[in-house]
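Novice: Pasting my_file09.pdb here (PDB, C-alpha atoms, pLDDT in the B column):
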ATOM      1  CA  MET C   1       7.334 -10.113  -0.907  1.00 37.00           C
ATOM      2  CA  ALA C   2       5.759  -7.252  -2.837  1.00 45.00           C
ATOM      3  CA  THR C   3       2.607  -7.560  -4.876  1.00 58.00           C
ATOM      4  CA  SER C   4       3.620  -8.330  -8.431  1.00 70.00           C
ATOM      5  CA  LEU C   5       1.961  -6.762 -11.406  1.00 82.00           C
ATOM      6  CA  GLU C   6       1.264  -9.136 -14.251  1.00 76.00           C
ATOM      7  CA  THR C   7       2.563  -8.240 -17.680  1.00 79.00           C
ATOM      8  CA  PRO C   8       1.205  -7.213 -19.963  1.00 81.00           C
ATOM      9  CA  LEU C   9      -0.438  -4.752 -17.593  1.00 88.00           C
ATOM     10  CA  PRO C  10      -4.228  -4.930 -17.702  1.00 88.00           C
ATOM     11  CA  ALA C  11      -6.013  -2.004 -19.332  1.00 87.00           C
ATOM     12  CA  GLY C  12      -7.229   0.522 -16.796  1.00 93.00           C
ATOM     13  CA  LEU C  13      -4.870  -0.677 -14.055  1.00 95.00           C
ATOM     14  CA  PRO C  14      -5.852   1.294 -10.905  1.00 97.00           C
ATOM     15  CA  VAL C  15      -2.943   3.490  -9.801  1.00 98.00           C
ATOM     16  CA  VAL C  16      -2.206   6.247  -7.265  1.00 98.00           C
ATOM     17  CA  LEU C  17       0.493   8.845  -7.921  1.00 98.00           C
ATOM     18  CA  ASP C  18       2.079  10.705  -5.050  1.00 98.00           C
ATOM     19  CA  THR C  19       2.888  14.385  -5.461  1.00 97.00           C
ATOM     20  CA  ASN C  20       6.465  13.854  -6.609  1.00 96.00           C
ATOM     21  CA  ALA C  21       5.285  11.483  -9.344  1.00 98.00           C
ATOM     22  CA  VAL C  22       2.715  14.046 -10.533  1.00 98.00           C
ATOM     23  CA  LEU C  23       5.412  16.740 -10.602  1.00 98.00           C
ATOM     24  CA  SER C  24       7.769  14.501 -12.575  1.00 97.00           C
ATOM     25  CA  LEU C  25       5.105  13.757 -15.167  1.00 97.00           C
ATOM     26  CA  TRP C  26       3.295  17.094 -15.573  1.00 96.00           C
ATOM     27  CA  MET C  27       5.450  19.910 -14.193  1.00 97.00           C
ATOM     28  CA  PHE C  28       8.959  18.733 -15.047  1.00 97.00           C
ATOM     29  CA  GLU C  29       7.693  16.675 -17.990  1.00 96.00           C
ATOM     30  CA  ASP C  30      10.561  14.256 -17.370  1.00 97.00           C
ATOM     31  CA  PRO C  31      11.578  12.928 -20.795  1.00 97.00           C
ATOM     32  CA  ALA C  32      12.638   9.650 -19.169  1.00 96.00           C
ATOM     33  CA  LEU C  33       8.951   9.115 -18.294  1.00 97.00           C
ATOM     34  CA  ALA C  34       7.491  10.065 -21.684  1.00 96.00           C
ATOM     35  CA  ARG C  35       6.122   6.542 -22.311  1.00 96.00           C
ATOM     36  CA  LEU C  36       4.439   6.446 -18.907  1.00 97.00           C
ATOM     37  CA  ARG C  37       2.868   9.870 -19.395  1.00 96.00           C
ATOM     38  CA  ALA C  38       1.625   8.868 -22.860  1.00 95.00           C
ATOM     39  CA  ALA C  39       0.157   5.674 -21.392  1.00 96.00           C
ATOM     40  CA  ILE C  40      -1.615   7.643 -18.650  1.00 96.00           C
ATOM     41  CA  GLU C  41      -2.934  10.203 -21.111  1.00 93.00           C
ATOM     42  CA  GLY C  42      -4.022   7.369 -23.403  1.00 94.00           C
ATOM     43  CA  GLY C  43      -6.139   5.806 -20.659  1.00 94.00           C
ATOM     44  CA  ALA C  44      -3.922   2.820 -19.855  1.00 94.00           C
ATOM     45  CA  PHE C  45      -4.406   3.471 -16.138  1.00 96.00           C
ATOM     46  CA  THR C  46      -7.242   4.507 -13.865  1.00 97.00           C
ATOM     47  CA  LEU C  47      -5.857   7.192 -11.548  1.00 98.00           C
ATOM     48  CA  PHE C  48      -7.285   7.892  -8.098  1.00 98.00           C
ATOM     49  CA  THR C  49      -6.872  10.907  -5.825  1.00 98.00           C
ATOM     50  CA  ARG C  50      -8.424  12.533  -2.768  1.00 97.00           C
ATOM     51  CA  ASP C  51      -9.079  16.154  -1.863  1.00 97.00           C
ATOM     52  CA  ASP C  52      -6.148  16.249   0.579  1.00 96.00           C
ATOM     53  CA  CYS C  53      -3.804  14.873  -2.105  1.00 97.00           C
ATOM     54  CA  LEU C  54      -4.965  17.561  -4.532  1.00 98.00           C
ATOM     55  CA  GLY C  55      -4.473  20.156  -1.794  1.00 97.00           C
ATOM     56  CA  GLU C  56      -0.892  19.024  -1.294  1.00 97.00           C
ATOM     57  CA  LEU C  57      -0.287  19.189  -5.041  1.00 98.00           C
ATOM     58  CA  ALA C  58      -1.588  22.779  -5.158  1.00 98.00           C
ATOM     59  CA  ARG C  59       0.658  23.776  -2.220  1.00 98.00           C
ATOM     60  CA  VAL C  60       3.750  22.178  -3.742  1.00 98.00           C
ATOM     61  CA  LEU C  61       3.132  23.668  -7.192  1.00 98.00           C
ATOM     62  CA  ALA C  62       3.143  27.097  -5.512  1.00 98.00           C
ATOM     63  CA  TYR C  63       6.628  26.620  -3.987  1.00 98.00           C
ATOM     64  CA  SER C  64       8.760  29.574  -5.057  1.00 97.00           C
ATOM     65  CA  GLN C  65      11.692  27.365  -6.113  1.00 97.00           C
ATOM     66  CA  PHE C  66       9.539  25.875  -8.889  1.00 97.00           C
ATOM     67  CA  ARG C  67       8.843  29.298 -10.403  1.00 97.00           C
ATOM     68  CA  GLN C  68       5.475  28.294 -11.804  1.00 97.00           C
ATOM     69  CA  THR C  69       3.052  31.084 -12.617  1.00 98.00           C
ATOM     70  CA  PRO C  70      -0.354  30.824 -10.942  1.00 98.00           C
ATOM     71  CA  GLU C  71      -1.819  30.049 -14.377  1.00 98.00           C
ATOM     72  CA  ARG C  72       0.655  27.208 -14.955  1.00 98.00           C
ATOM     73  CA  GLN C  73       0.012  25.857 -11.438  1.00 98.00           C
ATOM     74  CA  ALA C  74      -3.719  25.803 -12.139  1.00 98.00           C
ATOM     75  CA  GLU C  75      -3.139  24.190 -15.545  1.00 97.00           C
ATOM     76  CA  ILE C  76      -1.029  21.369 -14.093  1.00 97.00           C
ATOM     77  CA  ALA C  77      -3.460  20.753 -11.225  1.00 97.00           C
ATOM     78  CA  ALA C  78      -6.468  20.763 -13.569  1.00 97.00           C
ATOM     79  CA  ALA C  79      -4.795  18.461 -16.110  1.00 95.00           C
ATOM     80  CA  TYR C  80      -3.996  15.961 -13.364  1.00 97.00           C
ATOM     81  CA  ARG C  81      -7.401  16.232 -11.673  1.00 97.00           C
ATOM     82  CA  ALA C  82      -9.178  15.668 -15.000  1.00 96.00           C
ATOM     83  CA  ARG C  83      -7.474  12.275 -15.297  1.00 96.00           C
ATOM     84  CA  CYS C  84      -8.414  11.125 -11.786  1.00 97.00           C
ATOM     85  CA  THR C  85     -11.348   9.587 -10.024  1.00 97.00           C
ATOM     86  CA  LEU C  86     -11.913  11.376  -6.715  1.00 97.00           C
ATOM     87  CA  VAL C  87     -12.148   9.014  -3.737  1.00 95.00           C
ATOM     88  CA  PRO C  88     -13.557  10.192  -0.390  1.00 91.00           C
ATOM     89  CA  ALA C  89     -11.466   9.681   2.731  1.00 83.00           C
ATOM     90  CA  CYS C  90     -12.479   6.383   4.335  1.00 79.00           C
ATOM     91  CA  GLU C  91     -14.102   6.564   7.769  1.00 76.00           C
ATOM     92  CA  ALA C  92     -13.769   2.829   8.505  1.00 68.00           C
ATOM     93  CA  PRO C  93     -10.633   1.447   6.831  1.00 65.00           C
ATOM     94  CA  THR C  94     -10.467  -2.225   5.946  1.00 66.00           C
ATOM     95  CA  CYS C  95      -7.017  -2.536   7.510  1.00 68.00           C
ATOM     96  CA  GLU C  96      -4.538  -0.481   9.465  1.00 79.00           C
ATOM     97  CA  LEU C  97      -1.445   0.617   7.599  1.00 82.00           C
ATOM     98  CA  PRO C  98       2.042   1.151   8.958  1.00 76.00           C
ATOM     99  CA  ALA C  99       2.764   4.791   9.752  1.00 79.00           C
ATOM    100  CA  CYS C 100       4.938   6.777   7.375  1.00 80.00           C
ATOM    101  CA  LEU C 101       7.793   8.707   8.961  1.00 74.00           C
ATOM    102  CA  ASP C 102       6.657  11.686   6.877  1.00 82.00           C
ATOM    103  CA  ARG C 103       3.015  12.124   7.863  1.00 85.00           C
ATOM    104  CA  ASP C 104       2.337  13.856   4.532  1.00 90.00           C
ATOM    105  CA  ASP C 105       2.863  10.503   2.788  1.00 94.00           C
ATOM    106  CA  GLN C 106       0.277   8.594   4.840  1.00 93.00           C
ATOM    107  CA  LYS C 107      -2.645   9.860   2.746  1.00 95.00           C
ATOM    108  CA  PHE C 108      -1.220   8.219  -0.384  1.00 96.00           C
ATOM    109  CA  LEU C 109      -1.023   4.822   1.328  1.00 94.00           C
ATOM    110  CA  GLU C 110      -4.582   5.265   2.574  1.00 93.00           C
ATOM    111  CA  LEU C 111      -5.763   6.300  -0.879  1.00 95.00           C
ATOM    112  CA  ALA C 112      -4.146   3.259  -2.494  1.00 95.00           C
ATOM    113  CA  ARG C 113      -5.764   1.003   0.106  1.00 93.00           C
ATOM    114  CA  ASP C 114      -9.207   2.623  -0.050  1.00 92.00           C
ATOM    115  CA  SER C 115      -9.402   2.960  -3.839  1.00 94.00           C
ATOM    116  CA  GLY C 116      -8.381  -0.605  -4.581  1.00 93.00           C
ATOM    117  CA  ALA C 117      -5.325   0.615  -6.495  1.00 96.00           C
ATOM    118  CA  ARG C 118      -2.874  -2.039  -7.593  1.00 96.00           C
ATOM    119  CA  ALA C 119       0.089   0.355  -7.505  1.00 96.00           C
ATOM    120  CA  LEU C 120       1.295   3.481  -5.736  1.00 97.00           C
ATOM    121  CA  LEU C 121       3.936   5.394  -7.691  1.00 98.00           C
ATOM    122  CA  THR C 122       6.566   7.311  -5.767  1.00 97.00           C
ATOM    123  CA  ARG C 123      10.260   8.074  -5.765  1.00 96.00           C
ATOM    124  CA  ASP C 124      10.279   8.519  -1.977  1.00 95.00           C
ATOM    125  CA  LYS C 125      12.720   5.946  -0.601  1.00 94.00           C
ATOM    126  CA  LEU C 126      10.924   5.630   2.754  1.00 93.00           C
ATOM    127  CA  VAL C 127       7.571   5.006   1.085  1.00 94.00           C
ATOM    128  CA  LEU C 128       9.150   2.516  -1.321  1.00 95.00           C
ATOM    129  CA  LYS C 129      10.553   0.662   1.678  1.00 93.00           C
ATOM    130  CA  LEU C 130       7.044   0.396   3.203  1.00 93.00           C
ATOM    131  CA  GLY C 131       6.031  -1.608   0.133  1.00 92.00           C
ATOM    132  CA  ARG C 132       7.839  -4.591   1.642  1.00 91.00           C
ATOM    133  CA  ARG C 133       5.537  -4.652   4.659  1.00 92.00           C
ATOM    134  CA  PRO C 134       3.132  -7.623   4.393  1.00 91.00           C
ATOM    135  CA  VAL C 135      -0.010  -5.577   5.124  1.00 88.00           C
ATOM    136  CA  ILE C 136       0.801  -3.340   2.144  1.00 92.00           C
ATOM    137  CA  ALA C 137       2.419  -5.879  -0.174  1.00 91.00           C
ATOM    138  CA  ALA C 138      -0.705  -8.051   0.013  1.00 90.00           C
ATOM    139  CA  ARG C 139      -2.840  -5.154  -1.297  1.00 91.00           C
ATOM    140  CA  PHE C 140      -0.803  -3.042  -3.712  1.00 95.00           C
ATOM    141  CA  ALA C 141       2.682  -2.554  -5.070  1.00 95.00           C
ATOM    142  CA  ILE C 142       4.720   0.530  -4.243  1.00 96.00           C
ATOM    143  CA  LEU C 143       7.094   1.274  -7.081  1.00 96.00           C
ATOM    144  CA  THR C 144       8.832   4.061  -8.911  1.00 97.00           C
ATOM    145  CA  PRO C 145       7.323   5.590 -12.034  1.00 97.00           C
ATOM    146  CA  GLU C 146      10.340   4.235 -13.910  1.00 97.00           C
ATOM    147  CA  ARG C 147       9.584   0.686 -12.755  1.00 95.00           C
ATOM    148  CA  LEU C 148       5.941   0.881 -13.856  1.00 96.00           C
ATOM    149  CA  GLN C 149       7.032   2.332 -17.191  1.00 95.00           C
ATOM    150  CA  SER C 150       9.387  -0.645 -17.654  1.00 94.00           C
ATOM    151  CA  LEU C 151       6.352  -2.942 -17.393  1.00 93.00           C
ATOM    152  CA  LEU C 152       4.526  -1.202 -20.249  1.00 92.00           C
ATOM    153  CA  ALA C 153       4.178  -3.028 -23.537  1.00 81.00           C
ATOM    154  CA  PRO C 154       6.903  -1.854 -25.944  1.00 77.00           C
ATOM    155  CA  GLN C 155       4.489  -0.103 -28.342  1.00 61.00           C
ATOM    156  CA  ILE C 156       3.189   2.278 -25.618  1.00 46.00           C
TER     157      ILE C 156
END
Here is a file; write its structure as structure tokens.
Specialist:
Amino acid sequence: MATSLETPLPAGLPVVLDTNAVLSLWMFEDPALARLRAAIEGGAFTLFTRDDCLGELARVLAYSQFRQTPERQAEIAAAYRARCTLVPACEAPTCELPACLDRDDQKFLELARDSGARALLTRDKLVLKLGRRPVIAARFAILTPERLQSLLAPQI
């Protein structure tokens, strides 16, 4: 059973966004997530990141298929970073986490665990599936950005 988030969501809810969630919100500016982006920009959530997560974001923003100018890449990365609290990688984790099939996703699980986040936002189906594991479900919810947005109060 996954960790449930109480509604209304508490102000400053601690959240981790994986790279695809950041891209959806700030690069693609997905109109379906406009309420979530406004809530984030309005301070409804406390976002956490790590240096390796920011490094992955910078690499992905530079992918040629996204056709983002270096200036736009820097703008997106800086806008996201400015909203986040930087968390150091943990040397002595409080619990072991299941391994992600895609090793690039492991850092987001670790960040959610080590930051005390209540939610990890992703659209990655394999990561979403890990949210059912008891060791994760007891600590934080793994859900899509759309699902978290559906939990927002109507006026946000």
Novice: Can you spell out as a VMD selection string the set of residues that the PyMOL selection byres ((chain C and resi 78-84) around 9) selects in the structure I just provided?
Specialist: chain C and resid 22 26 40 to 41 43 46 to 49 54 73 to 77 85 to 86
Novice: Could you tell me which residues the PyMOL selection byres ((chain C and resi 33) around 10) grabs in this file, written as a list of chain:residue names?
Specialist: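 Applied to this file, the PyMOL selection byres ((chain C and resi 33) around 10) selects C:Ala21, C:Ser24, C:Leu25, C:Glu29, C:Asp30, C:Pro31, C:Ala32, C:Ala34, C:Arg35, C:Leu36, C:Arg37, C:Ala38, C:Ala39, C:Pro145, C:Glu146, C:Leu148, C:Gln149, C:Ser150.
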Novice: Within 9 Å of (-11.5, 10.7, 2.8), all atoms listed in the file: residues as a VMD selection string?
Specialist: chain C and resid 50 to 52 87 to 91 107 110 to 111 114
Novice: For the atom pair CA of Phe45 (chain C) and CA of Lys125 (chain C), what is the interatomic distance in Å to one decimal place?
Specialist: 23.3 Å
Novice: May I have the protein, DNA and RNA residues with an atom at most 6 Å from (-8.7, 3.6, -7.6), counting only C-alpha atoms in the file's coordinates, returned as a ChimeraX atom specification?
Specialist: /C:14,48,115-117
Novice: Please evaluate the PyMOL selection byres ((chain C and resi 105) around 12) against the displayed coordinates and give the resulting residues as a PyMOL selection string.
Specialist: chain C and resi 17-20+52-53+56+97-104+106-112+120-128+130
Novice: Just the number, please: distance in Å from CA of Thr7 (chain C) to CA of Pro134 (chain C), one decimal.
Specialist: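 Between CA of Thr7 (chain C) and CA of Pro134 (chain C) the gap works out to 22.1 Å.
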Novice: So, with only C-alpha atoms as the atoms that count, which of C:Arg113, C:Arg118, C:Arg67, C:Arg139 lies closest to Phe28 (chain C)?
Specialist: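 Among C:Arg113, C:Arg118, C:Arg67, C:Arg139, it is C:Arg67 that comes nearest to Phe28 (chain C).
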Novice: Rounded to one decimal place, report the CA of Pro8 (chain C)-CA of Gly131 (chain C) distance in Å.
Specialist: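 Between CA of Pro8 (chain C) and CA of Gly131 (chain C) the gap is 21.4 Å.
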